[in-house]
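Quick notes on the structure that follows.
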Amino acid sequence: MPTIAAYLSELTARLEALLEDRLLGAWLIGSGALGGFDRLRSDVDVQAVCTARLARTELQRLATSLSHEALPCPVRGLEFVLYAREDLTDPHGPVFQLNLNTGPRMGHHAGYDPGAEPRFWFVLDVAIAREHAHRLTGLRPETILPALPRSLVRSALHDALEWYRAHDGAQAVLAACRAWAWAIDGCWLSKGDAAVWATAQLADRTPVAKALARRADSAPGPTPTELAAVVDPVERLLAAGAASPGTC
């Protein structure tokens with residue numbers, strides 16, 4: 001199995017070969033860029049932007065080339081998203097061309113219809129990538145990715161918290177810690193660093209401690225009451241429009 005560096009190098013080479021001069025840039029995002037990467041549980045998250053929209057056949061060829069069967073992923077999986085530059089500034093949030101999930105411990109998904117998938121994930125990915133992505137090839141992310149309206153980012157954070165609340169209480173708590181840190185300090189943190197930040201603010205650290213323990217192993221996660229104690233105030237903060245202009 002290749003190292004992550006070798007995997008990213010080959011992935012980048014395939015992007016360059018398939019897209020040629022239409023590829024504006026590609027970046028490592030997510031936990032790999034924020035310093036929270038854990039080889040046992042993290043995905044490799046890559047984002048790319050091209051000069052114009054591609055035909056469906058080209059997108060399918062790209063998805064095939066980057067799939068786990070064609071390019072074995074050395075960790076849980078790859079989350080790859082391709083945008084056309086013109087679709088980054090849609091008023092409802094960035095519109096992807098290809099959303100690919102593939103890997104040994106991840107269900108394979110090649111999405112071509114942005115209307116069929118929640119938009120908030122892509123709003124958050126672009127907002128964080130603009131500030132923290134690690135360049136793999138092409139232009140730096142801040143020269144291509146737009147500074148999204150803070151109201152749009154607040155709404156996406158709220159929607160993400162609602163999604164996590166319905167699907168994973170431990171992740172909801174950690175996502176709330178990240179949203180809280182962003183709203184107060186204007187900083188995007190890894191979930192682990194956000195948990196440390198939030199712990200310093202909380203009188204009762206139990207929900208965060210349980211969320212971290214749940215993420216690390218099969219320990220019981222926060223109870224619904226403990227989850228609400230962290231998530232509800234953050235949702236109210238986001239709904240009120242409170243957010244730092246950003247200092248990080």
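Following the order of the structure tokens, first chain is A, next is B, and so on, with residues numbered from 1 inside each chain and ligands from 1 in the order they appear.
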For Pro118 of chain A, please output as a PyMOL selection string all residues within 12 Å (counting only C-alpha atoms; exclusion window: fewer than 2 positions along the same chain). chain A and resi 92-96+99+111+113-116+120-124+156+159-160+162-163
So that I can see what lies close to segment 45-58 of chain A, please list as a PyMOL selection string the residues with an atom at most 6 Å from it, counting only C-alpha atoms and leaving out residues fewer than 6 positions away in the same chain. chain A and resi 22-30+78-85
Using C-alpha atoms, can you write the selected residues to a file as a JSON list (two decimals), in the first residue's frame?
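The resulting again-v4.json:
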[["chain", "number", "residue", "atom", "x", "y", "z"],
["A", 22, "ARG", "CA", -8.07, 23.18, -17.76],
["A", 23, "LEU", "CA", -6.93, 22.32, -14.22],
["A", 24, "LEU", "CA", -6.55, 25.56, -12.25],
["A", 25, "GLY", "CA", -5.52, 23.94, -9.01],
["A", 26, "ALA", "CA", -5.92, 21.04, -6.60],
["A", 27, "TRP", "CA", -5.51, 21.04, -2.85],
["A", 28, "LEU", "CA", -5.49, 18.80, 0.17],
["A", 29, "ILE", "CA", -8.28, 19.90, 2.49],
["A", 30, "GLY", "CA", -10.06, 18.53, 5.56],
["A", 78, "LEU", "CA", -10.84, 9.44, -0.66],
["A", 79, "GLU", "CA", -13.33, 12.29, -0.74],
["A", 80, "PHE", "CA", -12.71, 14.20, -3.97],
["A", 81, "VAL", "CA", -14.70, 17.16, -5.27],
["A", 82, "LEU", "CA", -14.27, 18.94, -8.59],
["A", 83, "TYR", "CA", -15.71, 22.40, -9.31],
["A", 84, "ALA", "CA", -15.84, 24.57, -12.40],
["A", 85, "ARG", "CA", -14.62, 28.04, -11.53]]
Write out as a VMD selection string the set of residues from segment 101-242 of chain A that DSSP, computed on the backbone, places in strand (DSSP E). chain A and resid 101 to 103 106 to 111 134 to 138
Produce a file of the selected residues containing N, CA and C atoms, as an mmCIF file, in the first residue's frame.
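Wrote selection28.cif, looks like this:
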data_model
loop_
_atom_site.group_PDB
_atom_site.id
_atom_site.type_symbol
_atom_site.label_atom_id
_atom_site.label_comp_id
_atom_site.auth_asym_id
_atom_site.auth_seq_id
_atom_site.Cartn_x
_atom_site.Cartn_y
_atom_site.Cartn_z
ATOM 1 N N ASN A 101 -16.669 9.643 -3.568
ATOM 2 C CA ASN A 101 -16.238 8.969 -2.344
ATOM 3 C C ASN A 101 -15.831 7.551 -2.726
ATOM 4 N N THR A 102 -14.627 7.160 -2.358
ATOM 5 C CA THR A 102 -14.158 5.832 -2.745
ATOM 6 C C THR A 102 -13.044 5.394 -1.805
ATOM 7 N N GLY A 103 -13.038 4.124 -1.453
ATOM 8 C CA GLY A 103 -11.978 3.654 -0.566
ATOM 9 C C GLY A 103 -12.290 2.305 0.028
ATOM 10 N N MET A 106 -15.155 2.657 2.779
ATOM 11 C CA MET A 106 -16.102 3.721 2.443
ATOM 12 C C MET A 106 -16.967 3.242 1.278
ATOM 13 N N GLY A 107 -18.254 3.474 1.368
ATOM 14 C CA GLY A 107 -19.122 3.121 0.263
ATOM 15 C C GLY A 107 -18.804 3.963 -0.961
ATOM 16 N N HIS A 108 -18.723 3.322 -2.126
ATOM 17 C CA HIS A 108 -18.383 4.050 -3.349
ATOM 18 C C HIS A 108 -19.562 4.906 -3.789
ATOM 19 N N HIS A 109 -19.265 6.170 -4.108
ATOM 20 C CA HIS A 109 -20.304 7.094 -4.576
ATOM 21 C C HIS A 109 -19.674 8.060 -5.559
ATOM 22 N N ALA A 110 -20.234 8.143 -6.744
ATOM 23 C CA ALA A 110 -19.831 9.144 -7.730
ATOM 24 C C ALA A 110 -21.056 9.996 -8.028
ATOM 25 N N GLY A 111 -21.067 11.209 -7.493
ATOM 26 C CA GLY A 111 -22.211 12.100 -7.653
ATOM 27 C C GLY A 111 -21.958 13.139 -8.723
ATOM 28 N N HIS A 134 -3.815 22.838 1.508
ATOM 29 C CA HIS A 134 -2.420 22.651 1.117
ATOM 30 C C HIS A 134 -2.374 22.402 -0.389
ATOM 31 N N ARG A 135 -1.669 23.242 -1.099
ATOM 32 C CA ARG A 135 -1.625 23.152 -2.558
ATOM 33 C C ARG A 135 -0.932 21.874 -3.008
ATOM 34 N N LEU A 136 -1.573 21.159 -3.930
ATOM 35 C CA LEU A 136 -0.971 19.988 -4.568
ATOM 36 C C LEU A 136 -0.425 20.344 -5.945
ATOM 37 N N THR A 137 -1.160 21.193 -6.676
ATOM 38 C CA THR A 137 -0.716 21.646 -7.989
ATOM 39 C C THR A 137 -1.503 22.886 -8.363
ATOM 40 N N GLY A 138 -0.943 23.681 -9.263
ATOM 41 C CA GLY A 138 -1.654 24.843 -9.766
ATOM 42 C C GLY A 138 -1.608 26.037 -8.827
#
Which residue out of A:Gly77, A:Arg39, A:Leu139, A:Ser151 has the minimum interatomic distance to Pro91 of chain A when only C-alpha atoms are used? A:Ser151
Could you pull the residues within 8 Å of Arg76 of chain A, counting only C-alpha atoms, minus those fewer than 6 positions along the same chain, as number ranges by chain? A: 39-44, 103-106
Take the residues from that selection and write them out as a tab-separated table (two decimals), in the first residue's frame, keeping C-alpha atoms.
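part_29.tsv, freshly written:
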chain	number	residue	atom	x	y	z
A	39	ARG	CA	-4.52	7.40	9.63
A	40	LEU	CA	-6.92	4.96	11.31
A	41	ARG	CA	-10.12	6.98	10.88
A	42	SER	CA	-9.50	9.99	8.60
A	43	ASP	CA	-10.23	10.31	4.91
A	44	VAL	CA	-8.01	11.94	2.33
A	103	GLY	CA	-11.98	3.65	-0.57
A	104	PRO	CA	-11.51	0.37	1.27
A	105	ARG	CA	-13.74	1.34	4.21
A	106	MET	CA	-16.10	3.72	2.44
